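Asker: Provided herewith: target.tsv, TSV, C-alpha atoms and all ligand atoms.
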```
chain	number	residue	atom	x	y	z
A	1	MET	CA	25.68	5.60	4.42
A	2	ASN	CA	22.66	3.41	3.84
A	3	SER	CA	24.77	0.60	2.34
A	4	PHE	CA	26.82	-2.08	4.06
A	5	GLY	CA	28.84	-5.18	3.18
A	6	ARG	CA	31.73	-6.32	0.99
A	7	ILE	CA	30.18	-9.18	-0.99
A	8	PHE	CA	26.75	-9.61	0.62
A	9	ARG	CA	25.78	-5.95	0.25
A	10	ILE	CA	22.68	-4.45	1.75
A	11	GLN	CA	21.14	-1.10	0.93
A	12	ILE	CA	18.06	-0.01	2.85
A	13	TYR	CA	15.61	2.76	1.97
A	14	GLY	CA	12.32	4.35	2.92
A	15	GLU	CA	10.63	6.49	5.53
A	16	SER	CA	8.19	5.57	8.26
A	17	HIS	CA	5.30	7.48	6.63
A	18	GLY	CA	6.47	7.39	3.01
A	19	PRO	CA	4.99	4.99	0.45
A	20	ALA	CA	7.29	2.08	1.33
A	21	VAL	CA	10.42	0.81	3.05
A	22	GLY	CA	12.68	-1.82	1.57
A	23	LEU	CA	16.08	-3.10	0.65
A	24	ILE	CA	18.28	-4.08	-2.24
A	25	LEU	CA	20.65	-6.98	-1.67
A	26	ASP	CA	23.59	-7.48	-3.97
A	27	GLY	CA	25.92	-10.48	-3.91
A	28	VAL	CA	23.21	-13.00	-3.10
A	29	PRO	CA	24.35	-16.35	-4.52
A	30	ALA	CA	22.24	-17.52	-7.47
A	31	GLY	CA	20.02	-20.57	-7.06
A	32	LEU	CA	19.00	-20.00	-3.43
A	33	SER	CA	15.42	-21.18	-2.89
A	34	LEU	CA	13.45	-18.17	-1.62
A	35	GLN	CA	9.67	-18.00	-1.15
A	36	LEU	CA	7.46	-15.34	0.41
A	37	GLU	CA	6.64	-17.83	3.20
A	38	ASP	CA	10.32	-17.86	4.23
A	39	PHE	CA	9.91	-14.31	5.57
A	40	ALA	CA	6.75	-14.89	7.60
A	41	GLY	CA	8.27	-16.22	10.85
A	42	ASP	CA	10.93	-13.54	11.38
A	43	LEU	CA	8.71	-10.67	10.20
A	44	GLU	CA	6.02	-11.78	12.64
A	45	ARG	CA	8.54	-11.72	15.52
A	46	ARG	CA	9.38	-8.06	14.75
A	47	LYS	CA	5.74	-7.02	14.46
A	48	PRO	CA	4.18	-4.85	17.17
A	49	GLY	CA	0.68	-5.19	18.55
A	50	LYS	CA	1.64	-7.14	21.66
A	51	GLN	CA	1.84	-5.72	25.22
A	52	GLY	CA	4.45	-2.94	25.52
A	53	THR	CA	4.59	-2.26	21.77
A	54	THR	CA	3.00	0.28	19.44
A	55	THR	CA	-0.54	-0.16	18.16
A	56	ARG	CA	0.64	0.78	14.65
A	57	VAL	CA	0.41	-2.66	13.06
A	58	GLU	CA	1.26	-3.00	9.39
A	59	SER	CA	0.71	-6.05	7.19
A	60	ASP	CA	4.49	-6.19	6.51
A	61	LEU	CA	3.95	-8.32	3.42
A	62	PRO	CA	7.15	-8.49	1.38
A	63	GLU	CA	7.05	-7.89	-2.37
A	64	LEU	CA	9.89	-9.58	-4.23
A	65	VAL	CA	10.45	-6.96	-6.92
A	66	SER	CA	13.58	-8.34	-8.61
A	67	GLY	CA	16.31	-10.95	-8.36
A	68	ILE	CA	13.92	-13.91	-8.16
A	69	TYR	CA	12.81	-16.29	-10.89
A	70	LEU	CA	10.76	-19.45	-10.38
A	71	GLY	CA	11.30	-19.32	-6.61
A	72	ARG	CA	15.09	-19.07	-6.79
A	73	THR	CA	17.51	-16.16	-6.56
A	74	THR	CA	18.96	-15.23	-9.93
A	75	GLY	CA	22.21	-13.62	-8.74
A	76	ALA	CA	20.93	-10.19	-9.84
A	77	PRO	CA	20.16	-7.58	-7.15
A	78	LEU	CA	17.34	-8.78	-4.92
A	79	HIS	CA	14.83	-5.99	-4.29
A	80	ILE	CA	12.34	-6.49	-1.47
A	81	GLN	CA	9.71	-3.88	-0.71
A	82	PHE	CA	7.13	-3.34	2.04
A	83	LYS	CA	4.28	-0.87	1.51
A	84	ASN	CA	3.41	1.47	4.39
A	85	GLN	CA	-0.34	1.43	4.91
A	86	ASN	CA	-1.17	2.35	8.50
A	87	ILE	CA	0.01	5.97	8.71
A	88	ARG	CA	-1.13	8.81	11.01
A	89	SER	CA	1.26	11.66	10.27
A	90	GLU	CA	-0.84	14.25	12.15
A	91	ASP	CA	0.47	12.71	15.42
A	92	TYR	CA	3.86	14.22	14.57
A	93	SER	CA	2.87	17.86	13.89
A	94	ALA	CA	3.89	19.04	17.41
A	95	PHE	CA	7.48	17.92	16.78
A	96	LEU	CA	7.90	20.52	14.03
A	97	ASP	CA	8.13	23.09	16.83
A	98	GLN	CA	9.81	20.89	19.46
A	99	ASP	CA	12.37	18.27	18.50
A	100	ARG	CA	11.81	15.20	20.64
A	101	PRO	CA	14.60	14.80	23.19
A	102	GLY	CA	16.45	11.54	22.58
A	103	HIS	CA	15.11	11.10	19.04
A	104	ALA	CA	16.81	12.05	15.75
A	105	ASP	CA	14.51	15.04	15.07
A	106	PHE	CA	17.17	17.65	15.94
A	107	THR	CA	20.19	15.89	14.41
A	108	ALA	CA	18.37	15.00	11.16
A	109	ARG	CA	17.16	18.60	10.81
A	110	ILE	CA	20.69	19.96	11.25
A	111	LYS	CA	22.33	17.37	9.00
A	112	TYR	CA	19.90	17.75	6.11
A	113	GLY	CA	19.19	21.48	6.51
A	114	GLY	CA	15.53	20.83	7.35
A	115	GLN	CA	14.90	18.85	4.14
A	116	HIS	CA	14.43	15.50	5.91
A	117	ASP	CA	11.05	13.77	6.23
A	118	PRO	CA	10.03	14.28	9.88
A	119	ARG	CA	6.87	12.15	9.76
A	120	GLY	CA	7.09	9.22	12.16
A	121	GLY	CA	10.85	9.68	12.54
A	122	GLY	CA	11.24	9.48	8.73
A	123	HIS	CA	14.28	7.47	7.65
A	124	PHE	CA	15.40	7.20	11.31
A	125	SER	CA	12.35	5.18	12.31
A	126	GLY	CA	12.53	1.71	13.86
A	127	ARG	CA	10.35	0.71	10.89
A	128	LEU	CA	13.53	0.51	8.80
A	129	THR	CA	14.50	-2.55	10.86
A	130	LEU	CA	11.94	-4.37	8.71
A	131	ALA	CA	14.54	-4.19	5.92
A	132	LEU	CA	17.24	-5.55	8.25
A	133	VAL	CA	15.04	-8.48	9.26
A	134	ALA	CA	14.26	-9.26	5.59
A	135	ALA	CA	18.00	-9.19	4.79
A	136	GLY	CA	18.53	-11.48	7.78
A	137	VAL	CA	16.08	-14.01	6.34
A	138	VAL	CA	18.12	-14.16	3.11
A	139	ALA	CA	21.42	-14.29	5.04
A	140	LYS	CA	20.11	-17.16	7.17
A	141	LYS	CA	19.30	-19.02	3.93
A	142	ILE	CA	22.95	-18.64	2.87
A	143	LEU	CA	23.93	-20.17	6.24
A	144	PRO	CA	21.53	-23.13	6.65
A	145	GLU	CA	23.80	-24.98	9.08
A	146	LEU	CA	23.74	-22.13	11.65
A	147	GLN	CA	21.15	-21.70	14.42
A	148	PHE	CA	20.28	-18.20	15.59
A	149	ALA	CA	18.55	-17.56	18.91
A	150	ALA	CA	18.11	-14.14	20.47
A	151	VAL	CA	16.01	-13.30	23.54
A	152	LEU	CA	15.18	-10.33	25.71
A	153	THR	CA	16.89	-11.20	29.01
A	154	GLU	CA	15.85	-8.12	31.00
A	155	ALA	CA	13.66	-5.05	30.67
A	156	GLY	CA	13.43	-2.01	32.92
A	157	GLY	CA	16.14	-3.60	35.12
A	158	LEU	CA	14.07	-6.77	35.77
A	159	GLN	CA	14.41	-10.31	34.44
A	160	ASP	CA	10.67	-10.75	34.93
A	161	ILE	CA	9.62	-9.14	31.63
A	162	PRO	CA	5.80	-9.26	32.16
A	163	ARG	CA	6.30	-7.55	35.56
A	164	ALA	CA	8.59	-4.93	33.98
A	165	LEU	CA	5.88	-4.16	31.40
A	166	GLU	CA	3.20	-3.93	34.08
A	167	LEU	CA	5.34	-1.46	36.03
A	168	ALA	CA	6.13	0.58	32.90
A	169	GLU	CA	2.43	0.80	32.05
A	170	ALA	CA	1.58	1.80	35.64
A	171	ASP	CA	4.37	4.43	35.65
A	172	GLY	CA	3.45	5.65	32.17
A	173	ASP	CA	7.11	5.66	31.18
A	174	SER	CA	9.15	3.82	28.56
A	175	ILE	CA	11.80	1.22	29.47
A	176	GLY	CA	14.95	-0.29	27.92
A	177	GLY	CA	16.29	-3.82	27.91
A	178	VAL	CA	19.09	-6.26	27.18
A	179	VAL	CA	18.93	-8.60	24.18
A	180	GLU	CA	21.20	-11.64	24.12
A	181	CYS	CA	21.98	-13.32	20.81
A	182	ARG	CA	23.57	-16.75	20.41
A	183	VAL	CA	24.65	-18.32	17.13
A	184	GLU	CA	25.47	-22.03	17.08
A	185	GLY	CA	27.21	-23.95	14.32
A	186	ILE	CA	29.43	-21.09	13.17
A	187	PRO	CA	32.64	-22.52	11.71
A	188	ALA	CA	36.08	-21.43	12.95
A	189	GLY	CA	37.94	-19.00	10.70
A	190	LEU	CA	35.39	-16.27	9.85
A	191	GLY	CA	36.47	-12.64	10.26
A	192	GLU	CA	39.32	-10.51	9.00
A	193	PRO	CA	41.99	-9.16	11.34
A	194	PHE	CA	41.68	-5.58	12.52
A	195	PHE	CA	39.06	-3.60	10.63
A	196	ASP	CA	36.71	-6.36	9.56
A	197	SER	CA	37.02	-8.49	12.69
A	198	LEU	CA	33.87	-10.47	13.46
A	199	GLU	CA	33.27	-8.17	16.45
A	200	SER	CA	33.77	-5.06	14.29
A	201	VAL	CA	31.35	-6.13	11.57
A	202	ILE	CA	28.67	-7.22	14.04
A	203	SER	CA	29.09	-4.02	16.09
A	204	HIS	CA	28.93	-1.85	12.96
A	205	LEU	CA	25.63	-3.48	12.04
A	206	ALA	CA	24.36	-3.49	15.64
A	207	PHE	CA	24.67	0.29	15.80
A	208	SER	CA	22.64	0.53	12.61
A	209	ILE	CA	19.68	-0.61	14.72
A	210	PRO	CA	18.10	2.55	16.13
A	211	ALA	CA	18.22	2.81	19.94
A	212	ILE	CA	21.18	0.44	20.47
A	213	LYS	CA	23.55	1.97	23.02
A	214	GLY	CA	25.98	-0.83	23.76
A	215	ILE	CA	27.27	-4.24	22.77
A	216	GLU	CA	29.38	-6.82	24.55
A	217	PHE	CA	30.77	-10.18	23.43
A	218	GLY	CA	31.05	-13.20	25.75
A	219	SER	CA	31.71	-12.08	29.30
A	220	GLY	CA	32.11	-8.54	27.96
A	221	PHE	CA	32.32	-5.91	30.68
A	222	GLN	CA	32.38	-8.62	33.37
A	223	SER	CA	35.77	-9.73	32.03
A	224	VAL	CA	37.47	-6.66	33.53
A	225	ARG	CA	36.82	-8.17	36.98
A	226	MET	CA	38.21	-11.60	36.08
A	227	LYS	CA	41.76	-12.94	36.25
A	228	GLY	CA	43.41	-14.24	33.06
A	229	SER	CA	43.26	-17.76	34.49
A	230	GLU	CA	39.49	-17.36	34.97
A	231	HIS	CA	38.79	-15.66	31.67
A	232	ASN	CA	40.79	-17.95	29.38
A	233	ASP	CA	38.70	-20.60	27.65
A	234	ALA	CA	40.62	-23.90	27.85
A	235	ILE	CA	40.71	-25.73	24.49
A	236	MET	CA	39.45	-29.30	24.79
A	237	ASP	CA	40.12	-30.83	21.36
A	238	SER	CA	41.49	-30.33	17.86
A	239	SER	CA	38.22	-28.72	16.69
A	240	GLY	CA	38.92	-25.86	19.14
A	241	GLN	CA	35.93	-26.57	21.38
A	242	THR	CA	36.45	-24.79	24.70
A	243	MET	CA	35.43	-25.59	28.30
A	244	THR	CA	33.99	-22.10	28.85
A	245	ASN	CA	33.05	-19.35	26.40
A	246	HIS	CA	34.14	-16.05	27.94
A	247	ALA	CA	35.41	-14.97	24.52
A	248	GLY	CA	31.93	-15.27	23.03
A	249	GLY	CA	33.25	-17.46	20.21
A	250	ILE	CA	35.80	-14.96	18.89
A	251	ASN	CA	39.59	-14.70	19.26
A	252	GLY	CA	41.68	-12.22	17.30
A	253	GLY	CA	38.52	-11.05	15.55
A	254	ILE	CA	38.07	-14.53	14.05
A	255	SER	CA	35.39	-17.07	14.96
A	256	ASN	CA	36.86	-19.93	17.00
A	257	GLY	CA	34.14	-22.51	16.29
A	258	ASN	CA	32.35	-22.07	19.63
A	259	PRO	CA	28.94	-20.38	19.86
A	260	LEU	CA	28.99	-16.68	19.06
A	261	LEU	CA	27.49	-14.75	21.96
A	262	PHE	CA	26.75	-11.04	22.17
A	263	ARG	CA	24.43	-8.75	24.13
A	264	LEU	CA	22.85	-5.48	23.07
A	265	ALA	CA	21.87	-2.61	25.37
A	266	VAL	CA	18.59	-1.17	24.09
A	267	LYS	CA	17.60	2.24	25.39
A	268	PRO	CA	14.06	3.20	26.44
A	269	PRO	CA	12.14	4.73	23.50
A	270	SER	CA	12.53	8.49	23.61
A	271	SER	CA	8.81	8.94	22.90
A	272	THR	CA	7.82	8.34	26.52
A	273	PRO	CA	4.22	9.06	27.58
A	274	GLN	CA	5.67	11.33	30.32
A	275	THR	CA	5.49	15.08	29.82
A	276	GLN	CA	8.98	16.40	29.12
A	277	THR	CA	10.36	19.92	29.01
A	278	THR	CA	12.35	20.82	25.94
A	279	TYR	CA	13.21	23.67	23.58
A	280	SER	CA	10.44	25.28	21.52
A	281	LYS	CA	11.53	27.06	18.34
A	282	GLN	CA	8.38	29.18	18.45
A	283	SER	CA	8.83	30.61	21.95
A	284	GLY	CA	12.64	30.32	22.06
A	285	GLN	CA	12.31	28.70	25.50
A	286	MET	CA	11.97	25.27	27.06
A	287	GLU	CA	8.29	24.30	27.08
A	288	PRO	CA	6.35	21.18	28.13
A	289	LEU	CA	6.06	18.49	25.44
A	290	LYS	CA	3.51	15.69	25.69
A	291	ILE	CA	4.16	13.02	23.08
A	292	THR	CA	0.95	11.41	21.90
A	293	GLY	CA	0.56	9.00	19.01
A	294	ARG	CA	1.55	5.37	18.75
A	295	HIS	CA	4.87	4.30	20.25
A	296	ASP	CA	6.60	1.30	21.73
A	297	LEU	CA	6.78	1.46	25.53
A	298	CYS	CA	9.59	-1.12	25.39
A	299	LEU	CA	11.04	-1.36	21.88
A	300	ALA	CA	13.57	-3.93	23.17
A	301	LEU	CA	10.73	-6.49	22.93
A	302	ARG	CA	11.03	-6.24	19.13
A	303	VAL	CA	14.82	-6.30	18.90
A	304	PRO	CA	15.71	-10.04	19.32
A	305	VAL	CA	14.88	-10.94	15.72
A	306	VAL	CA	16.71	-7.81	14.52
A	307	ALA	CA	19.79	-8.91	16.51
A	308	GLU	CA	19.66	-12.32	14.80
A	309	ALA	CA	19.31	-10.57	11.43
A	310	ILE	CA	22.39	-8.38	11.85
A	311	ALA	CA	24.40	-11.39	13.08
A	312	ALA	CA	23.31	-13.36	10.00
A	313	ILE	CA	24.14	-10.45	7.65
A	314	ALA	CA	27.62	-10.08	9.18
A	315	ILE	CA	28.37	-13.81	9.13
A	316	ALA	CA	27.04	-14.25	5.57
A	317	ASP	CA	29.32	-11.49	4.30
A	318	LEU	CA	32.37	-12.89	6.13
A	319	ALA	CA	31.56	-16.44	4.99
A	320	LEU	CA	31.32	-15.28	1.35
A	321	ILE	CA	34.63	-13.41	1.75
A	322	ARG	CA	36.20	-16.59	3.12
A	323	ARG	CA	34.94	-18.58	0.12
A	324	THR	CA	36.94	-16.24	-2.14
A	325	GLN	CA	40.16	-16.83	-0.20
A	326	ASN	CA	40.62	-20.49	-1.24
A	327	ILE	CA	42.16	-21.44	2.13
B	1	LIG	C1	11.95	-1.88	16.41
B	1	LIG	C2	12.12	-0.46	16.88
B	1	LIG	C3	11.00	0.28	17.25
B	1	LIG	C4	11.13	1.60	17.71
B	1	LIG	N1	10.01	2.27	18.14
B	1	LIG	C5	10.16	3.52	18.65
B	1	LIG	C6	9.01	4.23	19.12
B	1	LIG	O1	7.88	3.74	19.07
B	1	LIG	N2	9.20	5.46	19.64
B	1	LIG	C7	10.45	6.05	19.72
B	1	LIG	O2	10.57	7.16	20.20
B	1	LIG	N3	11.54	5.39	19.28
B	1	LIG	C8	11.42	4.16	18.74
B	1	LIG	N4	12.53	3.50	18.28
B	1	LIG	C9	13.84	4.12	18.46
B	1	LIG	C10	14.13	5.27	17.53
B	1	LIG	O3	14.01	4.87	16.18
B	1	LIG	C11	15.53	5.83	17.82
B	1	LIG	O4	15.67	6.09	19.18
B	1	LIG	C12	15.80	7.09	17.06
B	1	LIG	O5	15.88	6.80	15.67
B	1	LIG	C13	17.09	7.79	17.49
B	1	LIG	O6	18.19	6.94	17.32
B	1	LIG	P1	19.14	6.55	18.54
B	1	LIG	O7	18.25	6.14	19.67
B	1	LIG	O8	19.96	5.40	18.03
B	1	LIG	O9	19.95	7.76	18.89
B	1	LIG	C14	12.42	2.20	17.78
B	1	LIG	C15	13.55	1.45	17.39
B	1	LIG	C16	13.40	0.14	16.96
B	1	LIG	C17	14.63	-0.65	16.60
```
How does this structure look as structure tokens?
Answerer:
Amino acid sequence: MNSFGRIFRIQIYGESHGPAVGLILDGVPAGLSLQLEDFAGDLERRKPGKQGTTTRVESDLPELVSGIYLGRTTGAPLHIQFKNQNIRSEDYSAFLDQDRPGHADFTARIKYGGQHDPRGGGHFSGRLTLALVAAGVVAKKILPELQFAAVLTEAGGLQDIPRALELAEADGDSIGGVVECRVEGIPAGLGEPFFDSLESVISHLAFSIPAIKGIEFGSGFQSVRMKGSEHNDAIMDSSGQTMTNHAGGINGGISNGNPLLFRLAVKPPSSTPQTQTTYSKQSGQMEPLKITGRHDLCLALRVPVVAEAIAAIAIADLALIRRTQNI
């Protein structure tokens, strides 16, 4: 579905080349100070236009349609909208005959019986992450004592990101990357055992970001090569602070008061400049497909702020659930 959350509920809508994308947030506490300027920093970090990203640059100016009065949230649903202005749908006409390998063209067509909007990836576009980032801004406001910091730690298999971009440009092929997100100041006790564990909620949201193919917490997949004595995080004091943080700040699905740490595997954009060979409905055979138009060569460059946003959305919801438990 396009909705998520128990108390802090997010619903996202829109298509890449439709009139607008946006979100409706329910469960936002009343009285939260919220100005248009609050969105500027995080929206700017998601914006393309830099090396390795698409040349489709939109103004991304949020319109606060409802749920705000005199600069404060009212407690009613908060509706935030972003108009789409820089659209070139003709770039996508070739994909009506050939579904792009790796993109959602084929699966969306099958699922919706061909009624979906194919322009610019439609509802499956990375543009919808604008709504996630906007929700993240509001979630961060609910959690003022937390610090979120996500970075791209490698791209195209290299830690030297500028070099990776140079090589990708020279090769004329798209590349993936790893985004690491750290959240400091998270209190112990957030998360519900089993189905709404902190890992589960973050992972659920992480896979709502298009092109995410993996997630690990703390030492993640490295932990399979460690002994229990190496992996265990020794507790140093009554606050639960640990010597190491192999658990990534979570035990039993519940935050343990240490920094939350997770990494996302971001795939290379499927719209590579390379010529690919794939099925043509017209000829009934595999034919060459050259994807033109405006695409990210390394979309992972734009994911760090989205990773922070989904972490903030997850933590805000779990923190609001905890407030209802009177523990
Ligand atoms: C910020 C962002 C930008 C993206 N830009 C592109 C792009 O320019 N070209 C492309 O083919 N995919 C792009 N994607 C990825 C596609 O949206 C995604 O691969 C597609 O919807 C299929 O989903 P899946 O990769 O999760 O299977 C982007 C994703 C994000 C998060």
Asker: Give the answer as one residue: which of A:Ala312, A:Val201, A:Ala300, A:Met243 has the shortest atom-to-atom distance to ligand LIG 1 (chain B), using all atoms listed in the file?
Answerer: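 Among the listed residues, the smallest separation from ligand LIG 1 (chain B) belongs to A:Ala300.
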Asker: Using all atoms listed in the file for the distances, tell me which of A:Pro259, A:Gly114, A:Gly31, A:Pro101 is nearest to ligand LIG 1 (chain B).
Answerer: A:Pro101
Asker: Determine the nearest neighbour of ligand LIG 1 (chain B) from the options A:Leu128, A:Val224, A:Ala168, A:Leu158, counting only C-alpha atoms and all ligand atoms.
Answerer: A:Leu128
Asker: Show me, as AutoDock Vina command-line options, the centre and edge lengths in Å to one decimal of the axis-aligned box that covers every listed atom of ligand LIG 1 (chain B) with 8 Å on each side.
Answerer:
```
--center_x 13.9 --center_y 3.0 --center_z 17.9 --size_x 28.1 --size_y 25.7 --size_z 20.5
```
Asker: With distances taken over all atoms listed in the file, which of A:Gly176, A:Gly27, A:Gly218, A:Gly252 is nearest to ligand LIG 1 (chain B)?
Answerer: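 Closest candidate: A:Gly176.
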Asker: In terms of the shortest atom-to-atom distance over only C-alpha atoms and all ligand atoms, which of A:Ala135, A:Leu261, A:Ile161, A:Ala211 is closest to ligand LIG 1 (chain B)?
Answerer: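 The closest residue to ligand LIG 1 (chain B) is A:Ala211.
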Asker: Record the distance separating atom C4 of ligand LIG 1 (chain B) and CA of Pro304 in chain A, expressed in Å with one decimal.
Answerer: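 Distance between the two atoms: 12.6 Å.
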